[in-house]
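Visitor: To be precise about what I am sending: the file is called model-v3.txt and holds compact mmCIF, C-alpha atoms and all ligand atoms.
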```
# COMPACT_ATOMS: atom_id res chain seq x y z
CA MET F 275 -14.83 -28.32 -18.78
CA ASN F 276 -14.19 -32.02 -19.06
CA ASN F 277 -14.09 -34.21 -16.01
CA PHE F 278 -12.15 -37.42 -16.14
CA THR F 279 -12.68 -40.72 -14.42
CA PHE F 280 -9.72 -43.08 -14.26
CA SER F 281 -9.67 -46.67 -13.09
CA PRO F 282 -6.47 -48.15 -11.69
CA VAL F 283 -4.40 -50.34 -13.99
CA ALA F 284 -2.42 -51.83 -11.10
CA THR F 285 -1.98 -51.83 -7.32
CA ILE F 286 1.19 -51.36 -5.30
CA ALA F 287 2.27 -54.13 -2.94
CA SER F 288 4.80 -52.60 -0.54
CA CYS F 289 6.10 -53.11 2.99
CA PHE F 290 4.49 -49.83 4.14
CA LYS F 291 1.16 -50.56 5.83
CA ASP F 292 0.87 -47.02 7.19
CA LYS F 293 2.37 -43.70 6.11
CA PHE F 294 4.65 -42.92 9.05
CA THR F 295 8.05 -44.13 7.82
CA ILE F 296 7.48 -43.87 4.06
CA PRO F 297 10.35 -41.88 2.55
CA ARG F 298 9.52 -38.55 0.92
CA GLN F 299 10.81 -39.70 -2.45
CA PRO F 300 11.32 -43.18 -3.90
CA GLY F 301 15.11 -43.33 -4.38
CA LEU F 302 15.99 -42.50 -0.77
CA VAL F 303 15.67 -46.01 0.64
CA THR F 304 17.20 -48.59 -1.66
CA ALA F 305 16.42 -51.48 0.71
CA VAL F 306 12.71 -51.08 -0.01
CA THR F 307 11.39 -53.42 -2.65
CA ALA F 308 7.84 -53.14 -3.84
CA GLU F 309 5.76 -54.56 -6.65
CA VAL F 310 3.37 -53.12 -9.17
CA VAL F 311 0.71 -55.80 -9.54
CA LEU F 312 -1.24 -55.36 -12.78
CA LEU F 313 -5.01 -55.67 -12.56
CA LYS F 314 -7.40 -57.34 -14.97
CA PRO F 315 -7.78 -56.77 -17.93
CA TYR F 316 -4.27 -55.29 -18.04
CA ALA F 317 -2.43 -58.28 -16.56
CA THR F 318 -1.22 -59.60 -19.89
CA PRO F 319 2.30 -60.16 -21.23
CA GLU F 320 1.77 -57.90 -24.27
CA ILE F 321 0.96 -54.82 -22.23
CA VAL F 322 4.53 -54.81 -20.82
CA ARG F 323 6.26 -55.91 -24.02
CA GLY F 324 9.50 -53.95 -24.35
CA LEU F 325 9.46 -52.68 -20.77
CA GLU F 326 12.47 -54.88 -19.94
CA GLY F 327 14.59 -52.48 -22.00
CA TYR F 328 14.22 -49.74 -19.39
CA SER F 329 16.02 -49.45 -16.06
CA HIS F 330 13.53 -46.98 -14.54
CA LEU F 331 9.80 -46.23 -14.68
CA TRP F 332 7.44 -43.40 -13.86
CA ILE F 333 4.58 -44.53 -11.68
CA ILE F 334 1.54 -42.26 -11.76
CA PHE F 335 -0.77 -43.03 -8.86
CA ALA F 336 -3.58 -41.76 -6.65
CA PHE F 337 -2.91 -40.62 -3.07
CA HIS F 338 -5.81 -42.79 -1.99
CA ALA F 339 -5.14 -42.45 1.75
CA ILE F 340 -5.55 -38.67 1.75
CA PRO F 341 -9.10 -37.48 2.45
CA LEU F 342 -10.51 -35.78 -0.65
CA GLY F 343 -10.86 -32.01 -0.74
CA GLN F 344 -8.38 -31.24 2.05
CA TRP F 345 -5.87 -29.33 -0.05
CA ARG F 346 -4.82 -25.72 0.45
CA PRO F 347 -3.25 -23.34 -2.11
CA THR F 348 -0.14 -23.11 0.07
CA VAL F 349 1.63 -25.76 2.17
CA ARG F 350 4.53 -25.89 4.64
CA PRO F 351 7.14 -28.32 3.24
CA PRO F 352 8.81 -30.44 5.96
CA ARG F 353 12.15 -29.68 4.24
CA LEU F 354 11.78 -26.08 5.39
CA GLN F 355 10.95 -27.23 8.95
CA GLY F 356 7.42 -25.96 8.39
CA LYS F 357 8.69 -22.38 8.61
CA GLN F 358 7.67 -21.24 5.16
CA ARG F 359 4.55 -21.51 3.04
CA LEU F 360 4.91 -22.34 -0.65
CA GLY F 361 2.36 -22.81 -3.38
CA VAL F 362 1.11 -26.39 -3.56
CA PHE F 363 2.24 -26.56 -7.19
CA ALA F 364 5.77 -25.67 -6.05
CA THR F 365 5.90 -28.78 -3.83
CA ARG F 366 5.38 -32.54 -3.91
CA SER F 367 2.75 -32.31 -1.17
CA THR F 368 0.26 -35.17 -1.01
CA HIS F 369 -2.63 -32.70 -0.49
CA ARG F 370 -3.36 -31.36 -3.98
CA PRO F 371 -6.45 -30.41 -6.01
CA ASN F 372 -6.16 -33.69 -7.94
CA PRO F 373 -4.54 -36.20 -5.56
CA ILE F 374 -2.12 -37.60 -8.15
CA GLY F 375 1.44 -38.67 -7.32
CA LEU F 376 4.43 -39.27 -9.54
CA SER F 377 7.38 -41.47 -8.58
CA VAL F 378 10.43 -42.49 -10.55
CA VAL F 379 11.51 -46.00 -9.57
CA LYS F 380 14.13 -48.55 -10.55
CA LEU F 381 12.75 -51.59 -12.36
CA LEU F 382 14.49 -54.74 -11.11
CA ASP F 383 12.47 -57.45 -12.79
CA ILE F 384 9.26 -58.28 -14.66
CA GLN F 385 7.52 -61.44 -13.49
CA ILE F 386 4.90 -62.97 -15.73
CA ARG F 387 3.00 -66.10 -14.71
CA ASP F 388 -0.35 -66.96 -16.22
CA GLY F 389 -2.70 -64.12 -15.47
CA ASP F 390 -0.25 -62.49 -13.05
CA VAL F 391 2.07 -59.68 -14.15
CA ARG F 392 4.31 -57.99 -11.57
CA LEU F 393 6.92 -55.29 -11.92
CA ILE F 394 9.52 -55.59 -9.16
CA LEU F 395 10.84 -52.20 -8.02
CA GLU F 396 13.77 -50.99 -5.97
CA GLY F 397 13.01 -47.98 -3.83
CA CYS F 398 9.46 -46.85 -3.35
CA ASP F 399 7.59 -44.11 -1.51
CA LEU F 400 4.19 -45.75 -1.83
CA LEU F 401 1.72 -47.11 0.65
CA ASP F 402 0.64 -50.73 0.27
CA GLY F 403 -2.56 -50.80 -1.81
CA THR F 404 -1.86 -47.56 -3.70
CA PRO F 405 -3.88 -47.50 -6.94
CA VAL F 406 -1.64 -47.03 -9.99
CA LEU F 407 -3.18 -44.94 -12.77
CA ASP F 408 -0.42 -45.30 -15.35
CA ILE F 409 3.08 -46.64 -15.91
CA LYS F 410 5.53 -45.00 -18.31
CA PRO F 411 9.15 -45.70 -19.13
CA TYR F 412 11.74 -43.21 -17.87
CA LEU F 413 13.49 -41.74 -20.89
CA PRO F 414 16.96 -40.49 -19.93
CA TYR F 415 17.33 -38.27 -23.00
CA ALA F 416 14.15 -36.40 -22.17
CA ASP F 417 13.69 -36.87 -18.41
CA ALA F 418 17.25 -36.49 -17.03
CA ILE F 419 18.17 -32.83 -17.04
CA SER F 420 21.66 -32.36 -15.65
CA ASP F 421 21.50 -28.59 -15.13
CA ALA F 422 17.99 -28.48 -13.63
CA ARG F 423 17.39 -26.31 -10.54
CA GLY F 424 15.83 -27.92 -7.45
CA GLY F 425 13.98 -25.01 -5.80
CA PHE F 426 13.99 -25.47 -2.02
CA ALA F 427 14.97 -29.16 -2.26
CA THR F 428 18.41 -29.00 -3.82
CA SER F 429 19.99 -32.06 -2.19
CA ILE F 430 18.93 -35.36 -0.67
CA PRO F 431 17.70 -35.04 2.94
CA ASP F 432 20.22 -35.60 5.76
CA ARG F 433 20.75 -39.09 7.06
CA ARG F 434 21.99 -37.95 10.40
CA LEU F 435 20.70 -40.39 13.02
CA ARG F 436 22.55 -43.41 14.32
CA VAL F 437 20.30 -46.45 14.56
CA GLU F 438 20.91 -49.01 17.32
CA PHE F 439 19.06 -52.26 17.93
CA SER F 440 18.10 -53.65 21.33
CA GLU F 441 19.08 -57.27 21.85
CA GLN F 442 15.47 -58.30 21.37
CA ALA F 443 15.12 -56.27 18.16
CA ALA F 444 18.37 -57.67 16.74
CA ALA F 445 17.20 -61.24 17.38
CA GLU F 446 13.74 -60.55 15.88
CA CYS F 447 15.37 -58.90 12.87
CA ALA F 448 17.44 -62.00 12.19
CA VAL F 449 14.36 -64.25 12.27
CA ILE F 450 12.24 -61.95 10.07
CA SER F 451 15.11 -61.39 7.61
CA GLN F 452 15.31 -65.12 7.13
CA GLU F 453 11.55 -65.51 6.74
CA LEU F 454 11.36 -62.73 4.14
CA SER F 455 14.81 -63.37 2.54
CA LYS F 456 15.57 -59.70 3.02
CA ASP F 457 17.94 -57.62 5.11
CA ILE F 458 15.35 -56.13 7.47
CA ALA F 459 17.95 -54.45 9.69
CA LEU F 460 19.25 -52.53 6.67
CA LEU F 461 15.71 -51.52 5.73
CA ILE F 462 14.95 -50.27 9.25
CA ARG F 463 18.28 -48.45 9.46
CA GLN F 464 17.64 -46.67 6.15
CA LEU F 465 14.11 -45.69 7.20
CA LEU F 466 14.97 -44.40 10.67
CA GLU F 467 18.28 -42.64 9.98
CA MET F 468 16.33 -39.93 8.14
CA ASP F 469 14.07 -39.42 11.20
CA PRO F 470 10.50 -39.90 9.98
CA ARG F 471 8.99 -37.74 12.75
CA PRO F 472 7.15 -34.57 11.83
CA HIS F 473 9.50 -31.55 11.90
CA TYR F 474 7.96 -30.12 15.09
CA GLN F 475 8.99 -33.27 17.01
CA MET F 476 12.53 -33.48 15.65
CA GLY F 477 15.34 -33.21 18.17
CA LYS F 478 12.86 -33.96 21.00
CA LEU F 479 13.63 -36.65 23.54
CA GLY F 480 11.45 -38.35 26.11
CA ASP F 481 9.89 -41.66 26.89
CA ARG F 482 7.74 -41.62 23.82
CA VAL F 483 7.72 -44.85 21.86
CA TYR F 484 6.97 -44.59 18.16
CA ALA F 485 5.42 -47.37 16.13
CA THR F 486 4.66 -48.26 12.56
CA GLN F 487 3.58 -51.36 10.67
CA LEU F 488 6.09 -52.75 8.19
CA TYR F 489 5.13 -55.98 6.41
CA ASP F 490 3.11 -57.72 9.10
CA PHE F 491 5.20 -56.67 12.06
CA ASN F 492 5.00 -53.72 14.37
CA LEU F 493 8.24 -51.75 14.53
CA ARG F 494 8.73 -49.81 17.77
CA TRP F 495 11.53 -47.34 18.43
CA ARG F 496 12.55 -44.40 20.63
CA TYR F 497 15.08 -41.61 20.68
CA LEU F 498 17.93 -42.13 23.17
CA GLN F 499 19.81 -38.97 22.20
CA PRO F 500 18.98 -36.29 19.64
CA GLU F 501 21.00 -38.23 17.07
CA VAL F 502 20.54 -41.80 18.31
CA VAL F 503 17.53 -44.03 17.69
CA GLU F 504 16.97 -47.33 19.43
CA VAL F 505 14.88 -49.99 17.73
CA ILE F 506 13.04 -51.59 20.64
CA GLU F 507 11.22 -54.47 19.03
CA LEU F 508 9.62 -55.88 15.91
CA SER F 509 6.59 -57.60 17.32
CA SER F 510 3.76 -59.30 15.53
CA GLU F 511 1.12 -57.17 17.30
CA LEU F 512 -0.54 -54.50 15.20
CA PRO F 513 0.67 -50.97 15.96
CA SER F 514 -1.29 -48.66 18.18
CA LYS F 515 -1.42 -45.07 16.95
CA GLU F 516 1.10 -43.38 19.21
CA PHE F 517 2.14 -40.38 17.19
N1 LIG F 601 6.99 -39.22 -5.36
C1 LIG F 601 5.61 -38.80 -5.19
C2 LIG F 601 5.16 -38.82 -3.74
C3 LIG F 601 5.85 -37.78 -2.89
S1 LIG F 601 5.05 -37.59 -1.37
C4 LIG F 601 5.38 -37.43 -5.79
O1 LIG F 601 6.32 -36.66 -5.84
O2 LIG F 601 4.26 -37.17 -6.23
C5 LIG F 601 5.57 -39.08 -0.58
C6 LIG F 601 4.65 -39.34 0.56
O3 LIG F 601 3.41 -39.78 0.05
C7 LIG F 601 5.12 -40.46 1.44
O4 LIG F 601 5.95 -39.97 2.45
C8 LIG F 601 3.81 -41.05 1.98
O5 LIG F 601 3.53 -40.53 3.24
C9 LIG F 601 2.74 -40.51 1.03
N2 LIG F 601 2.00 -41.57 0.33
C10 LIG F 601 2.50 -42.61 -0.36
N3 LIG F 601 1.50 -43.36 -0.89
C11 LIG F 601 0.34 -42.77 -0.51
C12 LIG F 601 -1.03 -43.05 -0.74
N4 LIG F 601 -1.42 -44.10 -1.47
N5 LIG F 601 -1.96 -42.23 -0.19
C13 LIG F 601 -1.58 -41.16 0.54
N6 LIG F 601 -0.30 -40.83 0.80
C14 LIG F 601 0.66 -41.63 0.27
```
Since I need it in another form, could you write the structure as structure tokens?
Ligand code: SAH
Guide:
Amino acid sequence: MNNFTFSPVATIASCFKDKFTIPRQPGLVTAVTAEVVLLKPYATPEIVRGLEGYSHLWIIFAFHAIPLGQWRPTVRPPRLQGKQRLGVFATRSTHRPNPIGLSVVKLLDIQIRDGDVRLILEGCDLLDGTPVLDIKPYLPYADAISDARGGFATSIPDRRLRVEFSEQAAAECAVISQELSKDIALLIRQLLEMDPRPHYQMGKLGDRVYATQLYDFNLRWRYLQPEVVEVIELSSELPSKEF
């Protein structure tokens, strides 16, 4: 049997510095923007010639932050609240025999400056630093199948939580939004309204404070009611692992 060795053609630059709040699929959080940064020797204008004609791309990447060899033939998809085991090939689990991921993303812009080629994306489910193995255009005539069946994941996940900001968090959001020229409150709202906690913690209340690193700030939040999240602060300290 052949073995293959692939080297990345690009790296992802995204706001997600850890995995906690990354959406399960790329189109769920439109406020996320990320970039595909082409690596040498691929960072040339000709390699992306014609790409501007497409609205969407397939990104094929390596799940580099998953320890190798930890896959199982069956997994418990979070969508099914962990209650059912399905074959790994029937899911989009990150723990697979070959740790390869596939994301369809909207292409907003292509930026080319000498020796630097970046594809600007809207929506992304990728960790910062993810190695990109290949980029392909999304072909609607072949890739969009209107009568396709969706197995256990037939609709987009619920966005059921209400997200509130403490006074401190609202003020910090305003400052960071200005610094980054981005609506950070919208981004946080979109990330937290889907409840990023593991299924076995969902619906739980308590004093627990959750934290994740977005860009270079530490987002901290807690659950006030089963359906209400409070963003406590967006500090510049690095997050401690509290989950
Ligand atoms: N759309 C892809 C990924 C789905 S899984 C596919 O279907 O193959 C999405 C999850 O992958 C995210 O919630 C995040 O936790 C995880 N993830 C993203 N980038 C990763 C990386 N580089 N290494 C490990 N896990 C990653």
Visitor: Taking all atoms listed in the file into account, which of F:Ala364, F:Ile409, F:Met476, F:Leu325 comes nearest Val349 (chain F)?
Guide: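 Among F:Ala364, F:Ile409, F:Met476, F:Leu325, it is F:Ala364 that comes nearest to Val349 (chain F).
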Visitor: Expressed in Å to a single decimal, how great is the separation between CA of Pro500 (chain F) and CA of Arg436 (chain F)?
Guide: 9.6 Å
Visitor: How would you report the residues lying within 7 Å of ligand LIG 601 (chain F), as a list in words, if you count all atoms listed in the file?
Guide: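 Residues lying within 7 Å of ligand LIG 601 (chain F): Lys293, Phe294, Ile296, Pro297, Arg298, Gln299, Pro300, Ala336, Phe337, His338, Ala339, Ile340, Arg366, Ser367, Thr368, Ile374, Gly375, Leu376, Ser377, Asp399, Leu400, Leu401, Gly403, Thr404 and Pro405 of chain F.
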Visitor: Using all atoms listed in the file, find the one residue out of F:Ala444, F:Val449, F:Leu435, F:Leu313 that sits nearest to Glu501 (chain F).
Guide: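 Once distances to Glu501 (chain F) are computed over all atoms listed in the file, the minimum belongs to F:Leu435.
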Visitor: So which residues are close to (-0.7, -27.8, -6.3), meaning at most 10 Å away in the file's coordinates with all atoms listed in the file counted, and can you show them as an mmCIF file with C-alpha atoms, in the coordinates of the input?
Guide:
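Output (selection16.cif):
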```cif
data_model
loop_
_atom_site.group_PDB
_atom_site.id
_atom_site.type_symbol
_atom_site.label_atom_id
_atom_site.label_comp_id
_atom_site.auth_asym_id
_atom_site.auth_seq_id
_atom_site.Cartn_x
_atom_site.Cartn_y
_atom_site.Cartn_z
ATOM 1 C CA TRP F 345 -5.870 -29.330 -0.050
ATOM 2 C CA ARG F 346 -4.820 -25.720 0.450
ATOM 3 C CA PRO F 347 -3.250 -23.340 -2.110
ATOM 4 C CA THR F 348 -0.140 -23.110 0.070
ATOM 5 C CA VAL F 349 1.630 -25.760 2.170
ATOM 6 C CA LEU F 360 4.910 -22.340 -0.650
ATOM 7 C CA GLY F 361 2.360 -22.810 -3.380
ATOM 8 C CA VAL F 362 1.110 -26.390 -3.560
ATOM 9 C CA PHE F 363 2.240 -26.560 -7.190
ATOM 10 C CA ALA F 364 5.770 -25.670 -6.050
ATOM 11 C CA THR F 365 5.900 -28.780 -3.830
ATOM 12 C CA ARG F 366 5.380 -32.540 -3.910
ATOM 13 C CA SER F 367 2.750 -32.310 -1.170
ATOM 14 C CA THR F 368 0.260 -35.170 -1.010
ATOM 15 C CA HIS F 369 -2.630 -32.700 -0.490
ATOM 16 C CA ARG F 370 -3.360 -31.360 -3.980
ATOM 17 C CA PRO F 371 -6.450 -30.410 -6.010
ATOM 18 C CA ASN F 372 -6.160 -33.690 -7.940
ATOM 19 C CA PRO F 373 -4.540 -36.200 -5.560
#
```
Visitor: Would you pick out the contacts of Val303 (chain F) at 6 Å or less, using only C-alpha atoms, so that residues sharing its chain but fewer than 2 positions from it are not included, and give the list as a ChimeraX atom specification?
Guide: /F:301,305-306,397,464
Visitor: Mind listing as number ranges by chain all residues within 8 Å of (12.7, -52.0, -11.6), counting all atoms listed in the file?
Guide: F: 329-331, 379-384, 393-396
Visitor: Report, in Å with one decimal, the straight-line distance from CA of Thr295 (chain F) to CA of Leu465 (chain F).
Guide: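 CA of Leu465 (chain F) lies at a distance of 6.3 Å from CA of Thr295 (chain F).
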Visitor: So what do you get for CA of Met275 (chain F) versus CA of Phe335 (chain F), distance-wise?
Guide: 22.6 Å
Visitor: Please provide the set of residues having any atom within 12 Å of Lys357 (chain F), restricted to all atoms listed in the file, with same-chain residues fewer than 5 positions apart removed, written as a PyMOL selection string.
Guide: chain F and resi 349-352+473-474
Visitor: From the set F:Thr285, F:Thr307, F:Gln475, F:Asn277, which residue has the shortest atom-to-atom contact distance to Leu454 (chain F), counting only C-alpha atoms?
Guide: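 So, comparing all the options, the nearest one is F:Thr307.
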Visitor: If we count all atoms listed in the file, what is near Arg323 (chain F) at a cut-off of 12 Å, once residues fewer than 3 positions away on the same chain are taken out, given as an MDAnalysis selection string?
Guide: chainID F and resid 317:320 326:328 384:386 391 411
Visitor: Here is a test: counting all atoms listed in the file, which residue of F:Leu479, F:Ala308, F:Leu407, F:Ile450 is nearest to Ser281 (chain F)?
Guide: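 Of F:Leu479, F:Ala308, F:Leu407, F:Ile450, the one nearest Ser281 (chain F) is F:Leu407, counting all atoms listed in the file.
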Visitor: Taking all atoms listed in the file into account, name the residue in F:Ile333, F:Arg359, F:Gly424, F:Val406 that is nearest to Tyr316 (chain F).
Guide: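 Selected residue with least distance to Tyr316 (chain F): F:Val406.
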